[in-house]
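Report on the structure given below.
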Amino acid sequence: MGALFTRRRIATLGAASAISGALPLRYARAAEYSFKWGTNVPESHPLNVHGRKAAEALKEATNGRVELRLFPNNQLGGDADMLSQLRSGALECFSLSGVNVLSTMLPASGISGVGFAFKDYPMVWNAMDGKLGAWLRGQIGKVGLVAMDKVWDNGFRRVTTSNRPITKPEDLQGLKIRVPVSPLWISLFQGLGASPTGLNFAEVYTALQTKVVDAEENPPAIIKAAKFYEVQKYCSLTNHMWDGWWFLMNRRAWAQLPPDLQEIFARVVNAAALAERADVAKQNEDLKAELASMGLVFNNVDPAPFRAMLGKAGFYKTWKAKFGPEAWALLEESTGPLD
Ligand code: X2X
């Protein structure tokens with residue numbers, strides 16, 4: 001009876017607020033569960049576009065009981081800040097690449113970033129939606145975080161520079177290039193003879209603009225959204241690494257949701273990840289012409305000599321030893337032999 005009474009009262013209030021143009025009736029109650037969700041890329045990136053849609057869909061599917069509040073573009077702090085907020089529970093959800101700062105506390109999560117491992121998307125999703133992904137989610141669980149099943153796509157990464165196109169490994173020698181804060185990323189570019197600096201994404205535009213670094217590497221959707229074409233001249237299609245974002249949650253926040261809401265939450269977020277993947281893959285094809293019209297000069301790259309150089313530098317041997325035989329075998333199940 002009590003519940004019915006409450007619902008009637010809310011219906012009455014809802015009708016009143018509808019007249020005054022306030023909250024629609026369906027969501028007249030404040031959400032029971034309100035989670036903040038931080039991302040490190042600008043509002044217009046498909047991660048956030050589909051993130052906003054996911055938040056809407058979740059509100060619909062839970063009748064307003066669960067709310068996701070998206071904070072794009074490092075509004076809550078840089079990658080390292082958001083990761084510590086996530087761990088403490090100050091932030092409930094964070095989209096983070098396993099190869100990025102997550103790998104500084106969980107080295108295993110960097111394995112998806114091994115240089116030139118994935119050649120195309122079928123290979124990527126075979127691994128990340130398959131055994132390697134399941135194994136990685138298990139590792140993430142061991143450090144007290146929850147990872148949703150579907151990884152959101154960032155894309156195949158390409159080197160951009162302000163001073164010269166990269167067509168062969170020699171062009172990378174001594175190049176001052178920004179990479180995310182990650183031992184694997186640093187090792188990859190050192191192995192290729194460049195001079196990498198680890199910086200959180202929030203600092204990249206300024207670092208390029210002030211020439212603290214001459215280069216960075218990211219997929220086209222990011223080059224567009226973060227306007228790197230304003231401060232970079234060349235884009236070399238190196239495809240040296242695929243990258244994606246885990247949808248990570250603080251474990252206590254996840255555990256607050258009763259099982260039926262957990263099920264809806266996972267379903268909605270994972271469906272949004274699939275839609276985002278399709279959008280990013282398309283953008284990464286389509287954006288070349290648009291970015292070229294904005295002045296970015298593209299060139300193709302033969303990956304073979306770059307990969308050979310990494311092999312000679314001992315990159316694959318070193319990282320195989322660090323990740324261990326179990327993880328490496330899972331990666332090679334999808335990619336084929338890597339060394
Ligand atoms: O920091 C980057 O370059 C970015 C946005 O691609 C990642 O999150 C790895």
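Residue numbers start at 1 in each chain; chains themselves are named A, B, ... in the order of the structure tokens; ligands are numbered from 1 in the order shown.
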
Practice item. Give the residue list for ligand 1 at 9 Å, counting only C-alpha atoms and all ligand atoms, as a PyMOL selection string, sorted by chain and then by residue number. Key: chain A and resi 39-41+79+95-101+154-155+157+178-181+199-202+204+216-219+222+243-245

Output for the residues just chosen: C-alpha atoms as an mmCIF file, in the first residue's frame:
```
data_model
loop_
_atom_site.group_PDB
_atom_site.id
_atom_site.type_symbol
_atom_site.label_atom_id
_atom_site.label_comp_id
_atom_site.auth_asym_id
_atom_site.auth_seq_id
_atom_site.Cartn_x
_atom_site.Cartn_y
_atom_site.Cartn_z
ATOM 1 C CA THR A 39 36.839 9.460 -20.431
ATOM 2 C CA ASN A 40 40.055 10.990 -21.722
ATOM 3 C CA VAL A 41 38.970 12.074 -25.212
ATOM 4 C CA ASP A 79 44.447 9.357 -16.892
ATOM 5 C CA SER A 95 37.235 4.133 -19.902
ATOM 6 C CA LEU A 96 40.896 3.206 -20.007
ATOM 7 C CA SER A 97 43.216 1.388 -22.376
ATOM 8 C CA GLY A 98 44.870 -1.641 -20.822
ATOM 9 C CA VAL A 99 48.137 -0.497 -22.378
ATOM 10 C CA ASN A 100 47.836 2.958 -20.782
ATOM 11 C CA VAL A 101 48.348 3.760 -17.060
ATOM 12 C CA ASN A 154 40.221 3.297 -30.227
ATOM 13 C CA GLY A 155 41.763 1.988 -33.444
ATOM 14 C CA ARG A 157 47.553 3.876 -34.315
ATOM 15 C CA ARG A 178 54.765 11.482 -26.999
ATOM 16 C CA VAL A 179 53.360 8.116 -25.938
ATOM 17 C CA PRO A 180 50.924 7.326 -23.089
ATOM 18 C CA VAL A 181 52.425 6.668 -19.640
ATOM 19 C CA LEU A 199 52.481 11.941 -21.053
ATOM 20 C CA ASN A 200 48.817 11.659 -20.089
ATOM 21 C CA PHE A 201 46.495 12.422 -22.986
ATOM 22 C CA ALA A 202 45.327 15.694 -21.398
ATOM 23 C CA VAL A 204 49.368 16.118 -25.566
ATOM 24 C CA GLU A 216 52.530 11.601 -31.251
ATOM 25 C CA GLU A 217 50.683 8.497 -32.350
ATOM 26 C CA ASN A 218 46.925 7.906 -32.371
ATOM 27 C CA PRO A 219 44.124 6.719 -34.658
ATOM 28 C CA ILE A 222 41.393 11.004 -32.104
ATOM 29 C CA ASP A 243 44.298 0.044 -28.989
ATOM 30 C CA GLY A 244 40.933 0.071 -27.212
ATOM 31 C CA TRP A 245 39.294 1.154 -23.962
#
```

Practice item. Would you please extract all alpha helix (DSSP H) residues from region 24-132 of chain A, as assigned by DSSP on the backbone, and give them as a PyMOL selection string? Key: chain A and resi 46-61+79-88+102-105+121-128+131-132

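Close contacts of Phe35 (chain A), defined as residues with an atom at most 8 Å away when counting only C-alpha atoms, with chain neighbours fewer than 3 positions off set aside, comprise Val66, Glu67, Leu68, Arg69, Leu91, Glu92, Cys93 and Ala253 of chain A.
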
Just write the chosen residues, N, CA and C atoms, as a PDB file, in the first residue's frame.
```
ATOM      1  N   VAL A  66      18.920   3.846 -12.712  1.00  0.00           N
ATOM      2  CA  VAL A  66      20.386   3.920 -12.813  1.00  0.00           C
ATOM      3  C   VAL A  66      20.769   5.070 -13.743  1.00  0.00           C
ATOM      4  N   GLU A  67      21.666   5.888 -13.256  1.00  0.00           N
ATOM      5  CA  GLU A  67      22.089   7.066 -14.017  1.00  0.00           C
ATOM      6  C   GLU A  67      23.600   6.998 -14.242  1.00  0.00           C
ATOM      7  N   LEU A  68      24.005   7.237 -15.487  1.00  0.00           N
ATOM      8  CA  LEU A  68      25.436   7.335 -15.804  1.00  0.00           C
ATOM      9  C   LEU A  68      25.690   8.781 -16.187  1.00  0.00           C
ATOM     10  N   ARG A  69      26.588   9.429 -15.482  1.00  0.00           N
ATOM     11  CA  ARG A  69      26.900  10.822 -15.822  1.00  0.00           C
ATOM     12  C   ARG A  69      28.272  10.880 -16.464  1.00  0.00           C
ATOM     13  N   LEU A  91      35.361   7.850  -8.272  1.00  0.00           N
ATOM     14  CA  LEU A  91      34.837   7.732  -9.641  1.00  0.00           C
ATOM     15  C   LEU A  91      34.374   6.291  -9.798  1.00  0.00           C
ATOM     16  N   GLU A  92      33.162   6.106 -10.324  1.00  0.00           N
ATOM     17  CA  GLU A  92      32.618   4.739 -10.413  1.00  0.00           C
ATOM     18  C   GLU A  92      33.001   4.045 -11.711  1.00  0.00           C
ATOM     19  N   CYS A  93      33.106   4.810 -12.821  1.00  0.00           N
ATOM     20  CA  CYS A  93      33.389   4.194 -14.126  1.00  0.00           C
ATOM     21  C   CYS A  93      34.452   5.006 -14.863  1.00  0.00           C
ATOM     22  N   ALA A 253      31.094  -0.099  -6.367  1.00  0.00           N
ATOM     23  CA  ALA A 253      29.992   0.528  -7.105  1.00  0.00           C
ATOM     24  C   ALA A 253      29.205  -0.540  -7.872  1.00  0.00           C
TER      25      ALA A 253
END
```

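Minimum distance to Glu203 (chain A) across A:Pro183, A:Tyr33, A:Lys142, A:Phe228 (counting only C-alpha atoms) occurs at A:Phe228.
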
If you run DSSP on this backbone, which residues of region 193-246 of chain A come out as strand (DSSP E or B), and could you give them as an mmCIF file with all heavy atoms, in the first residue's frame?
```
data_model
loop_
_atom_site.group_PDB
_atom_site.id
_atom_site.type_symbol
_atom_site.label_atom_id
_atom_site.label_comp_id
_atom_site.auth_asym_id
_atom_site.auth_seq_id
_atom_site.Cartn_x
_atom_site.Cartn_y
_atom_site.Cartn_z
ATOM 1 N N SER A 195 62.776 8.663 -29.472
ATOM 2 C CA SER A 195 63.025 9.166 -28.128
ATOM 3 C C SER A 195 61.667 9.493 -27.480
ATOM 4 O O SER A 195 61.203 10.636 -27.514
ATOM 5 C CB SER A 195 63.914 10.409 -28.273
ATOM 6 O OG SER A 195 64.175 10.953 -27.040
ATOM 7 N N PRO A 196 60.991 8.460 -26.930
ATOM 8 C CA PRO A 196 59.618 8.652 -26.441
ATOM 9 C C PRO A 196 59.536 9.302 -25.061
ATOM 10 O O PRO A 196 60.397 9.095 -24.208
ATOM 11 C CB PRO A 196 59.070 7.223 -26.369
ATOM 12 C CG PRO A 196 60.269 6.356 -26.159
ATOM 13 C CD PRO A 196 61.438 7.047 -26.807
ATOM 14 N N THR A 197 58.484 10.089 -24.853
ATOM 15 C CA THR A 197 58.170 10.674 -23.548
ATOM 16 C C THR A 197 56.762 10.249 -23.160
ATOM 17 O O THR A 197 55.836 10.396 -23.968
ATOM 18 C CB THR A 197 58.160 12.221 -23.642
ATOM 19 O OG1 THR A 197 59.417 12.646 -24.134
ATOM 20 C CG2 THR A 197 57.902 12.875 -22.283
ATOM 21 N N GLY A 198 56.586 9.749 -21.950
ATOM 22 C CA GLY A 198 55.257 9.348 -21.482
ATOM 23 C C GLY A 198 54.491 10.541 -20.940
ATOM 24 O O GLY A 198 54.944 11.211 -20.017
ATOM 25 N N ALA A 215 56.132 14.787 -32.141
ATOM 26 C CA ALA A 215 55.299 13.732 -32.722
ATOM 27 C C ALA A 215 54.410 13.107 -31.651
ATOM 28 O O ALA A 215 54.657 13.262 -30.446
ATOM 29 C CB ALA A 215 56.187 12.668 -33.342
ATOM 30 N N GLU A 216 53.374 12.422 -32.121
ATOM 31 C CA GLU A 216 52.530 11.601 -31.251
ATOM 32 C C GLU A 216 52.005 10.495 -32.130
ATOM 33 O O GLU A 216 52.255 10.469 -33.328
ATOM 34 C CB GLU A 216 51.423 12.434 -30.587
ATOM 35 C CG GLU A 216 50.378 12.998 -31.523
ATOM 36 C CD GLU A 216 49.265 12.030 -31.855
ATOM 37 O OE1 GLU A 216 48.714 11.400 -30.945
ATOM 38 O OE2 GLU A 216 48.932 11.881 -33.055
ATOM 39 N N GLU A 217 51.246 9.585 -31.545
ATOM 40 C CA GLU A 217 50.683 8.497 -32.350
ATOM 41 C C GLU A 217 49.299 8.175 -31.822
ATOM 42 O O GLU A 217 49.101 8.017 -30.619
ATOM 43 C CB GLU A 217 51.626 7.285 -32.353
ATOM 44 C CG GLU A 217 52.261 6.900 -31.038
ATOM 45 C CD GLU A 217 51.315 6.071 -30.194
ATOM 46 O OE1 GLU A 217 50.857 5.009 -30.660
ATOM 47 O OE2 GLU A 217 51.014 6.501 -29.059
ATOM 48 N N ASN A 218 48.320 8.183 -32.726
ATOM 49 C CA ASN A 218 46.925 7.906 -32.371
ATOM 50 C C ASN A 218 46.147 7.572 -33.640
ATOM 51 O O ASN A 218 46.600 7.871 -34.744
ATOM 52 C CB ASN A 218 46.288 9.125 -31.669
ATOM 53 C CG ASN A 218 46.165 8.918 -30.163
ATOM 54 O OD1 ASN A 218 45.493 8.007 -29.695
ATOM 55 N ND2 ASN A 218 46.839 9.771 -29.397
ATOM 56 N N TYR A 234 52.360 15.780 -40.695
ATOM 57 C CA TYR A 234 52.377 14.491 -41.400
ATOM 58 C C TYR A 234 51.660 13.411 -40.600
ATOM 59 O O TYR A 234 51.733 13.392 -39.373
ATOM 60 C CB TYR A 234 53.829 14.035 -41.639
ATOM 61 C CG TYR A 234 54.629 15.019 -42.438
ATOM 62 C CD1 TYR A 234 55.508 15.921 -41.816
ATOM 63 C CD2 TYR A 234 54.507 15.073 -43.828
ATOM 64 C CE1 TYR A 234 56.227 16.841 -42.544
ATOM 65 C CE2 TYR A 234 55.231 15.998 -44.571
ATOM 66 C CZ TYR A 234 56.092 16.883 -43.918
ATOM 67 O OH TYR A 234 56.793 17.790 -44.647
ATOM 68 N N CYS A 235 51.024 12.505 -41.326
ATOM 69 C CA CYS A 235 50.437 11.322 -40.690
ATOM 70 C C CYS A 235 50.885 10.097 -41.476
ATOM 71 O O CYS A 235 50.550 9.951 -42.655
ATOM 72 C CB CYS A 235 48.915 11.422 -40.671
ATOM 73 S SG CYS A 235 48.155 9.976 -39.887
ATOM 74 N N SER A 236 51.668 9.253 -40.831
ATOM 75 C CA SER A 236 52.230 8.074 -41.488
ATOM 76 C C SER A 236 51.444 6.851 -41.043
ATOM 77 O O SER A 236 51.273 6.618 -39.833
ATOM 78 C CB SER A 236 53.711 7.936 -41.121
ATOM 79 O OG SER A 236 54.379 9.144 -41.455
ATOM 80 N N LEU A 237 50.966 6.082 -42.008
ATOM 81 C CA LEU A 237 50.050 4.975 -41.691
ATOM 82 C C LEU A 237 50.837 3.758 -41.184
ATOM 83 O O LEU A 237 50.900 2.713 -41.830
ATOM 84 C CB LEU A 237 49.194 4.635 -42.911
ATOM 85 C CG LEU A 237 48.403 5.841 -43.460
ATOM 86 C CD1 LEU A 237 47.587 5.457 -44.682
ATOM 87 C CD2 LEU A 237 47.504 6.457 -42.394
ATOM 88 N N TRP A 242 47.298 -1.718 -32.253
ATOM 89 C CA TRP A 242 45.860 -1.490 -32.079
ATOM 90 C C TRP A 242 45.625 -1.112 -30.613
ATOM 91 O O TRP A 242 46.358 -1.553 -29.718
ATOM 92 C CB TRP A 242 45.047 -2.750 -32.403
ATOM 93 C CG TRP A 242 43.629 -2.569 -31.942
ATOM 94 C CD1 TRP A 242 42.633 -1.922 -32.617
ATOM 95 C CD2 TRP A 242 43.083 -2.977 -30.684
ATOM 96 N NE1 TRP A 242 41.490 -1.903 -31.836
ATOM 97 C CE2 TRP A 242 41.747 -2.542 -30.646
ATOM 98 C CE3 TRP A 242 43.601 -3.654 -29.575
ATOM 99 C CZ2 TRP A 242 40.904 -2.764 -29.553
ATOM 100 C CZ3 TRP A 242 42.773 -3.876 -28.488
ATOM 101 C CH2 TRP A 242 41.433 -3.439 -28.486
ATOM 102 N N ASP A 243 44.600 -0.297 -30.378
ATOM 103 C CA ASP A 243 44.298 0.044 -28.989
ATOM 104 C C ASP A 243 42.794 0.205 -28.773
ATOM 105 O O ASP A 243 42.057 0.568 -29.689
ATOM 106 C CB ASP A 243 45.015 1.352 -28.623
ATOM 107 C CG ASP A 243 44.949 1.621 -27.131
ATOM 108 O OD1 ASP A 243 45.045 0.676 -26.347
ATOM 109 O OD2 ASP A 243 44.797 2.804 -26.759
ATOM 110 N N GLY A 244 42.351 -0.083 -27.558
ATOM 111 C CA GLY A 244 40.933 0.071 -27.212
ATOM 112 C C GLY A 244 40.781 0.416 -25.739
ATOM 113 O O GLY A 244 41.754 0.385 -24.980
ATOM 114 N N TRP A 245 39.573 0.784 -25.361
ATOM 115 C CA TRP A 245 39.294 1.154 -23.962
ATOM 116 C C TRP A 245 38.488 0.069 -23.256
ATOM 117 O O TRP A 245 37.399 -0.307 -23.739
ATOM 118 C CB TRP A 245 38.450 2.427 -23.898
ATOM 119 C CG TRP A 245 39.121 3.702 -24.252
ATOM 120 C CD1 TRP A 245 39.896 4.475 -23.443
ATOM 121 C CD2 TRP A 245 39.026 4.430 -25.501
ATOM 122 N NE1 TRP A 245 40.295 5.618 -24.099
ATOM 123 C CE2 TRP A 245 39.787 5.614 -25.357
ATOM 124 C CE3 TRP A 245 38.384 4.183 -26.717
ATOM 125 C CZ2 TRP A 245 39.899 6.556 -26.384
ATOM 126 C CZ3 TRP A 245 38.515 5.108 -27.739
ATOM 127 C CH2 TRP A 245 39.260 6.279 -27.567
ATOM 128 N N TRP A 246 38.938 -0.358 -22.104
ATOM 129 C CA TRP A 246 38.089 -1.153 -21.235
ATOM 130 C C TRP A 246 37.081 -0.215 -20.569
ATOM 131 O O TRP A 246 37.436 0.920 -20.217
ATOM 132 C CB TRP A 246 38.905 -1.808 -20.108
ATOM 133 C CG TRP A 246 39.793 -2.909 -20.555
ATOM 134 C CD1 TRP A 246 41.152 -2.880 -20.670
ATOM 135 C CD2 TRP A 246 39.396 -4.241 -20.919
ATOM 136 N NE1 TRP A 246 41.621 -4.100 -21.095
ATOM 137 C CE2 TRP A 246 40.560 -4.956 -21.256
ATOM 138 C CE3 TRP A 246 38.160 -4.898 -21.006
ATOM 139 C CZ2 TRP A 246 40.537 -6.289 -21.669
ATOM 140 C CZ3 TRP A 246 38.140 -6.217 -21.421
ATOM 141 C CH2 TRP A 246 39.314 -6.896 -21.741
#
```
